[in-house]
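Source file data17.txt; content: compact mmCIF, C-alpha atoms and all ligand atoms.
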# COMPACT_ATOMS: atom_id res chain seq x y z
CA MET A 6 34.70 -11.75 -3.21
CA THR A 7 31.47 -10.79 -4.99
CA PHE A 8 31.03 -7.28 -6.32
CA LEU A 9 27.43 -6.90 -5.12
CA SER A 10 26.63 -6.29 -1.47
CA GLN A 11 25.72 -9.18 0.79
CA THR A 12 22.70 -7.22 1.96
CA LEU A 13 21.29 -7.35 -1.54
CA ALA A 14 21.47 -11.12 -1.46
CA ARG A 15 18.88 -11.02 1.34
CA VAL A 16 16.41 -9.21 -0.90
CA LYS A 17 14.18 -10.93 -3.45
CA PRO A 18 13.55 -9.31 -6.80
CA SER A 19 9.95 -8.16 -6.96
CA PRO A 20 7.79 -11.13 -8.00
CA THR A 21 5.33 -8.72 -9.58
CA MET A 22 7.98 -7.59 -12.07
CA ALA A 23 7.92 -10.89 -13.93
CA MET A 24 4.16 -10.60 -14.49
CA THR A 25 4.42 -6.99 -15.60
CA ALA A 26 7.24 -7.85 -18.00
CA LYS A 27 5.24 -10.77 -19.40
CA ALA A 28 2.17 -8.55 -19.91
CA GLN A 29 4.31 -5.97 -21.73
CA GLU A 30 5.82 -8.67 -23.91
CA LEU A 31 2.36 -9.91 -24.95
CA ARG A 32 1.17 -6.36 -25.66
CA ALA A 33 4.25 -5.69 -27.77
CA ALA A 34 3.37 -8.82 -29.74
CA GLY A 35 -0.02 -7.27 -30.50
CA ARG A 36 -2.13 -9.16 -27.92
CA ASP A 37 -5.07 -7.35 -26.35
CA VAL A 38 -4.04 -7.63 -22.69
CA ILE A 39 -6.16 -5.92 -20.02
CA GLY A 40 -4.02 -4.88 -17.08
CA LEU A 41 -5.54 -5.15 -13.60
CA SER A 42 -2.22 -5.02 -11.83
CA ALA A 43 -1.48 -1.31 -11.51
CA GLY A 44 -1.37 0.13 -8.01
CA GLU A 45 -2.40 3.63 -8.98
CA PRO A 46 -5.60 5.60 -9.61
CA ASP A 47 -6.45 6.10 -13.28
CA PHE A 48 -7.61 9.70 -12.61
CA ASP A 49 -5.53 12.72 -13.59
CA THR A 50 -4.02 14.83 -10.82
CA PRO A 51 -6.69 17.48 -10.08
CA GLU A 52 -6.32 20.76 -11.94
CA ASN A 53 -5.81 23.00 -8.89
CA ILE A 54 -2.81 20.86 -7.90
CA ARG A 55 -1.30 20.93 -11.39
CA LYS A 56 -1.72 24.70 -11.48
CA ALA A 57 -0.03 25.10 -8.10
CA ALA A 58 2.92 23.12 -9.44
CA ALA A 59 3.11 25.26 -12.59
CA ALA A 60 3.01 28.41 -10.45
CA ALA A 61 5.83 27.02 -8.30
CA ILE A 62 7.97 26.48 -11.39
CA ASP A 63 7.16 29.94 -12.76
CA SER A 64 8.03 31.63 -9.49
CA GLY A 65 11.41 29.92 -9.24
CA LYS A 66 10.62 27.36 -6.54
CA THR A 67 13.10 25.11 -8.25
CA ARG A 68 16.01 25.04 -5.84
CA TYR A 69 17.03 22.82 -2.94
CA THR A 70 14.66 23.03 -0.01
CA ALA A 71 15.05 22.06 3.64
CA VAL A 72 16.02 18.36 3.67
CA ASP A 73 12.77 16.98 4.99
CA GLY A 74 10.26 19.48 3.68
CA ILE A 75 9.35 23.14 3.28
CA PRO A 76 7.85 24.73 6.42
CA GLU A 77 4.54 25.52 4.65
CA LEU A 78 4.03 21.86 3.76
CA LYS A 79 4.93 20.69 7.26
CA ALA A 80 2.38 23.14 8.64
CA ALA A 81 -0.24 21.81 6.19
CA ILE A 82 0.55 18.24 7.29
CA CYS A 83 0.08 19.20 10.97
CA LYS A 84 -3.27 20.73 10.00
CA LYS A 85 -4.25 17.60 8.08
CA PHE A 86 -3.46 15.31 11.04
CA LYS A 87 -5.55 17.51 13.33
CA ARG A 88 -8.44 17.82 10.85
CA ASP A 89 -8.68 14.18 9.75
CA ASN A 90 -7.28 12.21 12.66
CA GLY A 91 -7.54 14.41 15.75
CA LEU A 92 -3.75 14.14 16.18
CA GLU A 93 -1.65 17.08 17.41
CA TYR A 94 1.80 17.34 15.87
CA GLU A 95 4.22 20.23 15.56
CA PRO A 96 6.41 20.76 12.46
CA ALA A 97 9.51 19.30 14.18
CA GLN A 98 7.59 16.01 14.39
CA VAL A 99 6.94 15.91 10.62
CA THR A 100 9.06 14.56 7.76
CA VAL A 101 8.40 14.88 4.02
CA ASN A 102 9.92 12.33 1.67
CA ALA A 103 10.04 11.23 -1.97
CA GLY A 104 6.90 9.06 -1.78
CA GLY A 105 5.34 6.90 0.91
CA LYS A 106 7.83 4.15 0.11
CA HIS A 107 10.72 6.49 0.94
CA THR A 108 9.13 7.41 4.28
CA LEU A 109 9.00 3.78 5.38
CA TYR A 110 12.50 3.10 4.07
CA ASN A 111 13.97 6.04 6.01
CA ALA A 112 12.25 4.84 9.16
CA PHE A 113 13.66 1.33 8.84
CA MET A 114 17.14 2.60 7.96
CA ALA A 115 17.03 4.92 10.96
CA THR A 116 15.98 2.29 13.49
CA LEU A 117 16.80 -1.31 12.56
CA ASN A 118 19.84 -3.19 13.86
CA PRO A 119 20.78 -6.76 12.87
CA GLY A 120 18.33 -9.18 14.43
CA ASP A 121 15.60 -6.61 15.07
CA GLU A 122 12.21 -8.05 14.17
CA VAL A 123 9.35 -6.35 12.37
CA VAL A 124 5.90 -7.93 12.60
CA ILE A 125 4.12 -7.78 9.24
CA PRO A 126 0.58 -9.12 8.72
CA ALA A 127 0.26 -11.17 5.51
CA PRO A 128 -0.86 -10.57 2.86
CA TYR A 129 1.31 -7.47 2.87
CA TRP A 130 2.34 -4.73 0.49
CA VAL A 131 5.24 -6.31 -1.40
CA SER A 132 7.89 -3.84 -0.26
CA TYR A 133 7.60 -4.25 3.52
CA PRO A 134 9.59 -7.47 4.05
CA ASP A 135 12.33 -6.58 1.61
CA MET A 136 12.74 -3.06 2.94
CA VAL A 137 13.15 -4.56 6.41
CA ARG A 138 15.79 -6.96 5.07
CA LEU A 139 17.62 -4.16 3.23
CA ALA A 140 17.83 -2.27 6.50
CA GLY A 141 19.27 -5.33 8.25
CA GLY A 142 16.14 -6.43 10.15
CA GLU A 143 14.10 -9.63 10.14
CA PRO A 144 10.53 -9.62 8.86
CA VAL A 145 8.16 -11.75 10.95
CA LEU A 146 5.22 -12.60 8.72
CA VAL A 147 1.88 -13.37 10.34
CA GLU A 148 -0.77 -14.84 8.08
CA THR A 149 -4.35 -13.62 8.28
CA ARG A 150 -7.36 -15.62 7.08
CA LEU A 151 -10.05 -14.95 4.52
CA GLU A 152 -12.58 -16.01 7.20
CA ASP A 153 -11.35 -13.02 9.26
CA ALA A 154 -11.64 -10.75 6.20
CA PHE A 155 -7.81 -10.77 6.06
CA LYS A 156 -7.58 -8.89 9.35
CA LEU A 157 -4.98 -9.71 11.97
CA THR A 158 -6.41 -11.05 15.22
CA PRO A 159 -5.12 -9.80 18.59
CA GLU A 160 -4.11 -13.39 19.44
CA ALA A 161 -1.97 -13.68 16.30
CA LEU A 162 -0.31 -10.34 17.02
CA GLU A 163 0.40 -11.33 20.62
CA ALA A 164 1.96 -14.63 19.49
CA ALA A 165 4.24 -12.90 16.96
CA ILE A 166 5.80 -10.45 19.41
CA THR A 167 9.16 -11.36 20.94
CA GLU A 168 11.71 -9.38 22.91
CA LYS A 169 13.40 -8.61 19.58
CA THR A 170 10.30 -7.00 18.03
CA LYS A 171 11.00 -3.39 17.18
CA TRP A 172 8.07 -2.49 14.93
CA PHE A 173 4.59 -3.65 14.10
CA ILE A 174 3.51 -2.53 10.62
CA PHE A 175 -0.16 -1.72 10.29
CA ASN A 176 -1.84 -0.95 6.96
CA SER A 177 -5.55 -0.13 6.68
CA PRO A 178 -7.20 -0.02 4.20
CA SER A 179 -4.78 -2.61 2.93
CA ASN A 180 -2.86 -3.23 -0.20
CA PRO A 181 -3.49 -5.98 -1.42
CA THR A 182 -6.82 -6.90 0.24
CA GLY A 183 -8.62 -3.57 0.65
CA ALA A 184 -9.46 -4.66 4.21
CA GLY A 185 -10.08 -1.78 6.60
CA TYR A 186 -10.01 -2.11 10.40
CA SER A 187 -12.78 -0.40 12.35
CA ALA A 188 -11.75 1.62 15.40
CA ALA A 189 -12.89 -1.29 17.62
CA GLU A 190 -10.89 -3.85 15.63
CA LEU A 191 -7.85 -1.61 15.77
CA LYS A 192 -8.30 -1.00 19.52
CA ALA A 193 -8.12 -4.77 20.08
CA LEU A 194 -4.66 -4.69 18.43
CA THR A 195 -3.45 -1.59 20.25
CA ASP A 196 -4.50 -3.24 23.54
CA VAL A 197 -1.97 -5.97 22.73
CA LEU A 198 0.70 -3.36 22.01
CA MET A 199 0.01 -1.68 25.34
CA ARG A 200 1.22 -4.89 27.01
CA HIS A 201 4.54 -4.68 25.08
CA PRO A 202 6.03 -1.24 25.65
CA HIS A 203 9.17 -1.99 23.59
CA VAL A 204 7.16 -2.40 20.35
CA TRP A 205 6.64 0.63 18.11
CA VAL A 206 3.89 1.02 15.50
CA MET A 207 4.51 2.07 11.92
CA THR A 208 1.09 2.75 10.50
CA ASP A 209 0.86 3.05 6.71
CA ASP A 210 -2.28 5.14 6.18
CA MET A 211 -1.72 5.62 2.45
CA TYR A 212 -5.31 4.57 1.60
CA GLU A 213 -6.99 6.57 4.37
CA HIS A 214 -9.24 8.51 2.03
CA LEU A 215 -10.21 5.53 -0.13
CA ALA A 216 -12.86 4.19 2.25
CA TYR A 217 -16.35 3.12 1.18
CA ASP A 218 -19.89 2.58 2.42
CA ASP A 219 -20.08 3.38 6.10
CA PHE A 220 -16.49 2.36 6.89
CA LYS A 221 -14.78 4.93 9.09
CA PHE A 222 -11.01 5.13 8.91
CA ALA A 223 -9.05 4.96 12.19
CA THR A 224 -5.33 5.18 12.95
CA PRO A 225 -3.45 3.71 15.97
CA ALA A 226 -2.42 6.91 17.81
CA GLU A 227 -6.01 8.12 17.50
CA VAL A 228 -7.68 5.04 18.99
CA GLU A 229 -4.97 4.59 21.66
CA PRO A 230 -3.46 7.97 22.59
CA ALA A 231 -1.04 6.22 24.96
CA LEU A 232 0.74 4.87 21.86
CA TYR A 233 1.43 8.38 20.52
CA ASP A 234 5.05 8.37 21.74
CA ARG A 235 5.90 5.16 19.90
CA THR A 236 3.90 5.56 16.71
CA LEU A 237 5.06 6.73 13.31
CA THR A 238 1.95 7.78 11.39
CA CYS A 239 2.77 7.53 7.67
CA ASN A 240 0.69 8.89 4.82
CA GLY A 241 1.11 10.49 1.41
CA VAL A 242 -0.61 12.17 -1.49
CA SER A 243 -0.01 9.44 -4.08
CA LYS A 244 -3.28 7.52 -3.94
CA ALA A 245 -5.85 9.97 -2.56
CA TYR A 246 -4.92 12.82 -4.90
CA ALA A 247 -3.88 10.74 -7.93
CA MET A 248 -0.28 11.93 -7.53
CA THR A 249 1.75 8.72 -7.80
CA GLY A 250 4.34 10.25 -10.12
CA TRP A 251 4.94 13.35 -8.01
CA ARG A 252 6.63 11.34 -5.23
CA ILE A 253 5.53 12.92 -1.98
CA GLY A 254 5.01 10.92 1.20
CA TYR A 255 5.11 12.14 4.78
CA ALA A 256 4.97 11.00 8.38
CA ALA A 257 4.69 12.33 11.90
CA GLY A 258 6.07 10.91 15.10
CA PRO A 259 8.43 11.50 18.01
CA LYS A 260 11.01 14.23 17.33
CA ALA A 261 14.07 12.03 17.88
CA LEU A 262 12.84 9.50 15.32
CA ILE A 263 12.02 12.24 12.82
CA ALA A 264 15.51 13.74 13.32
CA ALA A 265 17.10 10.32 12.73
CA MET A 266 15.07 9.90 9.52
CA ARG A 267 16.21 13.38 8.43
CA LYS A 268 19.82 12.26 8.90
CA VAL A 269 19.25 9.27 6.59
CA GLN A 270 17.58 11.50 4.02
CA SER A 271 20.27 14.19 4.25
CA GLN A 272 22.95 11.69 3.23
CA SER A 273 20.93 9.96 0.55
CA THR A 274 18.31 11.86 -1.47
CA SER A 275 18.19 15.32 0.20
CA ASN A 276 14.87 17.09 -0.23
CA PRO A 277 11.91 15.65 -2.15
CA CYS A 278 11.24 17.49 -5.43
CA SER A 279 10.58 21.18 -4.64
CA VAL A 280 7.80 21.53 -7.24
CA SER A 281 6.05 18.40 -5.96
CA GLN A 282 6.11 19.80 -2.44
CA TYR A 283 4.16 22.87 -3.61
CA ALA A 284 1.75 20.56 -5.42
CA ALA A 285 1.27 18.52 -2.22
CA LEU A 286 0.71 21.75 -0.29
CA GLU A 287 -2.20 22.56 -2.58
CA ALA A 288 -3.48 18.96 -2.34
CA LEU A 289 -3.67 19.16 1.47
CA ASN A 290 -4.81 22.79 1.82
CA GLY A 291 -7.03 23.05 -1.27
CA PRO A 292 -10.57 21.78 -1.83
CA GLN A 293 -11.13 18.15 -0.85
CA ASP A 294 -14.36 17.55 -2.76
CA TYR A 295 -12.86 15.32 -5.45
CA LEU A 296 -12.03 12.70 -2.80
CA ALA A 297 -15.73 11.90 -2.50
CA ALA A 298 -16.19 12.10 -6.27
CA HIS A 299 -13.36 9.61 -6.85
CA ASN A 300 -14.74 7.31 -4.16
CA GLU A 301 -18.12 7.23 -5.82
CA VAL A 302 -16.44 5.85 -8.93
CA PHE A 303 -14.28 3.42 -6.98
CA VAL A 304 -17.16 1.99 -4.96
CA ARG A 305 -19.16 1.37 -8.13
CA ARG A 306 -16.19 -0.46 -9.66
CA ARG A 307 -15.58 -2.46 -6.48
CA ASN A 308 -19.18 -3.61 -6.50
CA LEU A 309 -18.98 -4.57 -10.16
CA VAL A 310 -15.79 -6.60 -9.70
CA VAL A 311 -16.89 -8.31 -6.47
CA LYS A 312 -20.22 -9.26 -8.07
CA MET A 313 -18.70 -10.69 -11.25
CA LEU A 314 -15.89 -12.56 -9.50
CA SER A 315 -18.27 -13.95 -6.87
CA GLU A 316 -20.33 -15.55 -9.64
CA ILE A 317 -17.39 -17.86 -10.43
CA ASP A 318 -17.43 -21.40 -9.00
CA GLY A 319 -14.24 -21.96 -7.03
CA VAL A 320 -13.61 -18.26 -6.38
CA THR A 321 -14.43 -16.48 -3.10
CA CYS A 322 -14.28 -12.71 -3.16
CA PRO A 323 -14.81 -10.79 0.11
CA VAL A 324 -16.14 -7.21 -0.09
CA PRO A 325 -13.34 -4.92 1.09
CA GLU A 326 -13.82 -1.63 2.93
CA GLY A 327 -11.35 0.47 0.98
CA ALA A 328 -8.32 1.02 -1.31
CA PHE A 329 -8.86 -0.13 -4.92
CA TYR A 330 -8.08 -3.81 -4.66
CA VAL A 331 -9.88 -7.10 -4.17
CA TYR A 332 -8.07 -10.27 -3.17
CA PRO A 333 -10.19 -13.28 -4.11
CA SER A 334 -9.30 -16.82 -3.10
CA ILE A 335 -8.99 -19.46 -5.84
CA ALA A 336 -8.79 -22.40 -3.44
CA GLY A 337 -11.58 -24.08 -5.42
CA LEU A 338 -9.59 -24.00 -8.66
CA ILE A 339 -6.26 -25.44 -7.51
CA GLY A 340 -5.47 -28.76 -9.21
CA LYS A 341 -7.60 -28.05 -12.28
CA SER A 342 -6.23 -27.68 -15.82
CA THR A 343 -6.77 -25.22 -18.64
CA PRO A 344 -8.01 -26.35 -22.08
CA LYS A 345 -4.38 -26.00 -23.25
CA GLY A 346 -3.30 -28.46 -20.58
CA THR A 347 -1.70 -26.11 -18.05
CA ARG A 348 -2.20 -27.36 -14.50
CA ILE A 349 -3.24 -24.72 -11.96
CA GLU A 350 -0.86 -25.85 -9.24
CA ASN A 351 -0.79 -22.58 -7.38
CA ASP A 352 -1.79 -18.94 -7.74
CA GLU A 353 1.29 -18.09 -9.80
CA ALA A 354 0.32 -20.76 -12.35
CA PHE A 355 -3.22 -19.35 -12.32
CA ALA A 356 -2.08 -15.78 -12.99
CA THR A 357 0.36 -16.88 -15.70
CA ALA A 358 -2.27 -18.97 -17.49
CA LEU A 359 -4.86 -16.20 -17.11
CA LEU A 360 -2.46 -13.80 -18.79
CA GLU A 361 -1.36 -16.14 -21.57
CA GLU A 362 -4.70 -17.76 -22.31
CA ALA A 363 -7.27 -15.08 -21.37
CA GLU A 364 -5.18 -11.91 -21.72
CA VAL A 365 -5.86 -10.47 -18.27
CA ALA A 366 -2.94 -9.37 -16.08
CA VAL A 367 -3.41 -9.74 -12.32
CA VAL A 368 -0.87 -10.25 -9.51
CA PHE A 369 -0.69 -13.68 -7.85
CA GLY A 370 -1.11 -14.00 -4.09
CA ALA A 371 2.32 -15.52 -3.36
CA ALA A 372 3.80 -12.10 -4.19
CA PHE A 373 1.95 -10.72 -1.16
CA GLY A 374 2.60 -13.68 1.14
CA LEU A 375 -0.84 -15.34 1.21
CA SER A 376 -2.04 -18.00 -1.20
CA PRO A 377 -3.96 -19.19 -3.16
CA ASN A 378 -5.31 -15.77 -4.15
CA PHE A 379 -4.87 -13.07 -6.73
CA ARG A 380 -5.04 -9.31 -6.54
CA VAL A 381 -7.21 -7.26 -8.84
CA SER A 382 -6.72 -3.52 -8.99
CA TYR A 383 -10.00 -1.92 -10.04
CA ALA A 384 -8.41 1.45 -10.78
CA THR A 385 -9.40 1.25 -14.42
CA SER A 386 -12.51 2.03 -16.48
CA ASP A 387 -15.83 0.27 -15.84
CA ALA A 388 -15.87 -1.01 -19.43
CA LEU A 389 -12.41 -2.59 -19.16
CA LEU A 390 -13.23 -4.04 -15.75
CA GLU A 391 -16.39 -5.62 -17.07
CA GLU A 392 -14.59 -7.12 -20.06
CA ALA A 393 -11.72 -8.35 -17.86
CA CYS A 394 -14.10 -9.98 -15.37
CA ARG A 395 -15.97 -11.61 -18.24
CA ARG A 396 -12.68 -13.05 -19.48
CA ILE A 397 -11.83 -14.31 -15.98
CA GLN A 398 -15.29 -15.92 -15.74
CA THR A 399 -14.87 -17.66 -19.10
CA PHE A 400 -11.33 -18.76 -18.24
CA CYS A 401 -12.35 -20.21 -14.86
CA ALA A 402 -15.39 -21.97 -16.38
CA SER A 403 -13.08 -23.62 -18.92
CA LEU A 404 -10.94 -25.26 -16.23
CA THR A 405 -11.48 -28.99 -15.71
C1 LIG B 501 0.30 0.24 1.21
C2 LIG B 501 1.18 1.15 0.45
N1 LIG B 501 2.04 1.92 1.11
C3 LIG B 501 2.88 2.76 0.48
C4 LIG B 501 2.87 2.84 -0.89
C5 LIG B 501 3.87 3.76 -1.53
O1 LIG B 501 3.35 4.86 -2.08
P1 LIG B 501 4.24 5.90 -2.88
O2 LIG B 501 3.90 5.71 -4.32
O3 LIG B 501 3.87 7.23 -2.35
O4 LIG B 501 5.68 5.57 -2.61
C6 LIG B 501 2.01 2.05 -1.63
C7 LIG B 501 2.04 2.09 -3.11
O5 LIG B 501 1.65 1.19 -3.79
C8 LIG B 501 1.13 1.19 -0.95
O6 LIG B 501 0.28 0.41 -1.61
So, in terms of structure tokens, how does the structure I just supplied come out?
Amino acid sequence: MTFLSQTLARVKPSPTMAMTAKAQELRAAGRDVIGLSAGEPDFDTPENIRKAAAAAIDSGKTRYTAVDGIPELKAAICKKFKRDNGLEYEPAQVTVNAGGKHTLYNAFMATLNPGDEVVIPAPYWVSYPDMVRLAGGEPVLVETRLEDAFKLTPEALEAAITEKTKWFIFNSPSNPTGAGYSAAELKALTDVLMRHPHVWVMTDDMYEHLAYDDFKFATPAEVEPALYDRTLTCNGVSKAYAMTGWRIGYAAGPKALIAAMRKVQSQSTSNPCSVSQYAALEALNGPQDYLAAHNEVFVRRRNLVVKMLSEIDGVTCPVPEGAFYVYPSIAGLIGKSTPKGTRIENDEAFATALLEEAEVAVVFGAAFGLSPNFRVSYATSDALLEEACRRIQTFCASLT
């Protein structure tokens, strides 16, 4: 009998951890590594939000709260869904959790039975498949193509659905590609779902506000109101408000599902941090002008990175609509070797050699389920991005 649970054996350790550990090791040894692997904005949490949190502490808002969120925050979330997405929810349809990751985890724990399938477009955010496995379900991975800008086609969605499908996970703008679906592109997918009434949609709208140029964000229950009763609309303050450490995510959906998620939360974590809930309340109800200010910076950085990476022979870098990632293909570099003799057999070998020989940390595509690619997070300063891209250019040019 093994001591560890059999469920855990179904879960892979995060492949990104090895790269992060390696980068830290090199830094500790005094090497000048530039990290482009972080999934968080480099901005500080805005001052009004920090002040609201300090005021919450000073006024004693430091005790247990209702399990899935204080009423004021639930009301603010209802207001946000109406304001930004045209969706009507009441507080009993809202859950507040310790980060967006926790929201999704509660939903899977509350709904998945052994054998239940969850359709996940690849490349995907690393946690989706393993969270599904932890909850006892089966991830069904559906690859997208660079030629389709990494967007799932209706045909591919249709082909992935079986009678065992419980959820379809939708994420736009996407981590890791930055791809954002227009309302029309999304409608083509929801049309497929309308033909399969047993399939529910979990939409991860975490990057809603990080949308550039003329891209207009859309969410499933908005483009297809008939899906409202089987959609869990997930969001959070982590990325838009530079609040990754505060750990507040939230979702809205049918009352019975929200109650089931509350049950999971009540027997695991209880309420999300009380102080963070007051901070999130200010984030949602306070001024929203820094969203546009942040996006101005992000779009400039995206353009810089796409331009410099596109100049490299063997690299193809689509221009994404949102988030703070690009996901270039390195198909043209596979099989080449570095000056030190390392063969670039796959994207993991590429990322490892890039780190060891050019001192730039990125995440390899296999971690996200679509190769040969790598993910660059451009949530760092323009100067560091420029230097990192220069190093990537020099490294790629040195391959023979
Ligand atoms: C697509 C996506 N969803 C959810 C999350 C989780 O966010 P949080 O930090 O609020 O748990 C992330 C974080 O990287 C993400 O990229």
Using only C-alpha atoms and all ligand atoms, which protein or nucleic acid residues are at most 7 Å from ligand LIG 501 (chain B), as a PyMOL selection string? chain A and resi 44+104-107+130+176+179-180+209+211+241-243+249+252-254
Preceding selection exported with C-alpha atoms as a CSV table (one decimal), in the frame of the given file:
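Generated output (again_21.csv):
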chain,number,residue,atom,x,y,z
A,44,GLY,CA,-1.4,0.1,-8.0
A,104,GLY,CA,6.9,9.1,-1.8
A,105,GLY,CA,5.3,6.9,0.9
A,106,LYS,CA,7.8,4.2,0.1
A,107,HIS,CA,10.7,6.5,0.9
A,130,TRP,CA,2.3,-4.7,0.5
A,176,ASN,CA,-1.8,-1.0,7.0
A,179,SER,CA,-4.8,-2.6,2.9
A,180,ASN,CA,-2.9,-3.2,-0.2
A,209,ASP,CA,0.9,3.0,6.7
A,211,MET,CA,-1.7,5.6,2.4
A,241,GLY,CA,1.1,10.5,1.4
A,242,VAL,CA,-0.6,12.2,-1.5
A,243,SER,CA,0.0,9.4,-4.1
A,249,THR,CA,1.8,8.7,-7.8
A,252,ARG,CA,6.6,11.3,-5.2
A,253,ILE,CA,5.5,12.9,-2.0
A,254,GLY,CA,5.0,10.9,1.2
Please list as a list in words every residue within 12 Å of Arg348 in chain A, counting only C-alpha atoms and excluding residues in the same chain fewer than 5 positions away.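 Surrounding residues, per the criterion: Leu338, Ile339, Gly340, Lys341, Ser342, Thr343, Glu353, Ala354, Phe355, Ala356, Thr357, Ala358, Leu359, Leu404 and Thr405 of chain A.
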Among the residues A:Phe303, A:Glu364, A:Leu389, A:Arg396, the one that comes closest to Arg32 in chain A [using all atoms listed in the file]: A:Glu364
Take the point (19.9, 9.1, -1.3) in the file's coordinates, draw a sphere of radius 12 Å around it, and report as a list in words every protein, DNA or RNA residue with an atom inside or on it, counting only C-alpha atoms. Val72, Asn102, Ala103, His107, Tyr110, Asn111, Met114, Met266, Arg267, Lys268, Val269, Gln270, Ser271, Gln272, Ser273, Thr274, Ser275, Asn276 and Pro277 of chain A
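Taking CA of Arg15 in chain A and CA of Arg138 in chain A as endpoints, the distance between them is 6.3 Å.
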Two-atom distance - CA of His299 in chain A, CA of Asp47 in chain A (Å):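 So the answer is 10.1 Å.
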Residues within 8 Å of Ser19 in chain A, only C-alpha atoms, excluding chain neighbours under 2 positions, as a PDB file with C-alpha atoms, in the coordinates of the input:
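Saved as out.pdb:
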ATOM      1  CA  LYS A  17      14.180 -10.930  -3.450  1.00  0.00           C
ATOM      2  CA  THR A  21       5.330  -8.720  -9.580  1.00  0.00           C
ATOM      3  CA  MET A  22       7.980  -7.590 -12.070  1.00  0.00           C
ATOM      4  CA  ALA A  23       7.920 -10.890 -13.930  1.00  0.00           C
ATOM      5  CA  VAL A 131       5.240  -6.310  -1.400  1.00  0.00           C
ATOM      6  CA  ALA A 372       3.800 -12.100  -4.190  1.00  0.00           C
TER       7      ALA A 372
END
Can you list, as a ChimeraX atom specification, every protein, DNA or RNA residue that comes within 7 Å of range 374-383 of chain A when you count all atoms listed in the file, leaving out same-chain residues fewer than 2 positions away? /A:41-44,127-129,148,181,306-307,329-336,351-352,367-372,385,390
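Atom pair CA of Arg305 in chain A / CA of Ala216 in chain A: separated by 12.5 Å.
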Range 203-236 of chain A residues near range 163-175 of chain A within 10 Å, closest pair each, using only C-alpha atoms, as JSON lines:
{"residue": "A:His203", "atom": "CA", "partner": "A:Lys171", "partner_atom": "CA", "distance": 6.8}
{"residue": "A:Val204", "atom": "CA", "partner": "A:Lys171", "partner_atom": "CA", "distance": 5.1}
{"residue": "A:Trp205", "atom": "CA", "partner": "A:Trp172", "partner_atom": "CA", "distance": 4.7}
{"residue": "A:Val206", "atom": "CA", "partner": "A:Phe173", "partner_atom": "CA", "distance": 4.9}
{"residue": "A:Met207", "atom": "CA", "partner": "A:Ile174", "partner_atom": "CA", "distance": 4.9}
{"residue": "A:Thr208", "atom": "CA", "partner": "A:Phe175", "partner_atom": "CA", "distance": 4.6}
{"residue": "A:Asp209", "atom": "CA", "partner": "A:Phe175", "partner_atom": "CA", "distance": 6.1}
{"residue": "A:Asp210", "atom": "CA", "partner": "A:Phe175", "partner_atom": "CA", "distance": 8.3}
{"residue": "A:Thr224", "atom": "CA", "partner": "A:Phe175", "partner_atom": "CA", "distance": 9.0}
{"residue": "A:Pro225", "atom": "CA", "partner": "A:Phe175", "partner_atom": "CA", "distance": 8.5}
{"residue": "A:Arg235", "atom": "CA", "partner": "A:Trp172", "partner_atom": "CA", "distance": 9.4}
{"residue": "A:Thr236", "atom": "CA", "partner": "A:Trp172", "partner_atom": "CA", "distance": 9.2}
Residue contacts of Phe155 in chain A (8 Å, all atoms listed in the file) excluding same-chain residues fewer than 4 positions away, as a PyMOL selection string: chain A and resi 128+149-151+182+184
Enclose all atoms of range 257-263 of chain A listed in the file in an axis-aligned box, grow every side by 3 Å, and hand back centre and edge lengths in Å to one decimal, as JSON.
{"center_x": 9.4, "center_y": 11.9, "center_z": 15.0, "size_x": 15.4, "size_y": 10.7, "size_z": 12.1}
Find the residue from A:Gly40, A:Pro51, A:Pro119, A:Gly185 that sits nearest to Tyr295 in chain A; use only C-alpha atoms when measuring. A:Pro51
Among listed residues A:Val304, A:Ala97, A:Ala247, A:Leu92, nearest Ala226 in chain A (using only C-alpha atoms):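 Result for the nearest residue to Ala226 in chain A: A:Leu92.
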Using all atoms listed in the file, which protein or nucleic acid residues come within 7 Å of Ile39 in chain A? Drop anything in the same chain fewer than 3 positions from it, and give the result as a PyMOL selection string. chain A and resi 364-366+393
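Minimum distance to Asp196 in chain A across A:Ala71, A:Cys322, A:Leu162, A:Val302 (counting only C-alpha atoms) occurs at A:Leu162.
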The residue from A:Val280, A:Ala328, A:Ala193, A:Val320 with the smallest atom-to-atom distance to Ala245 in chain A, counting all atoms listed in the file, is A:Ala328
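Checking A:Ala188, A:Val147, A:Ala257, A:Ala28 one by one against Tyr233 in chain A, counting only C-alpha atoms, you find the shortest gap at A:Ala257.
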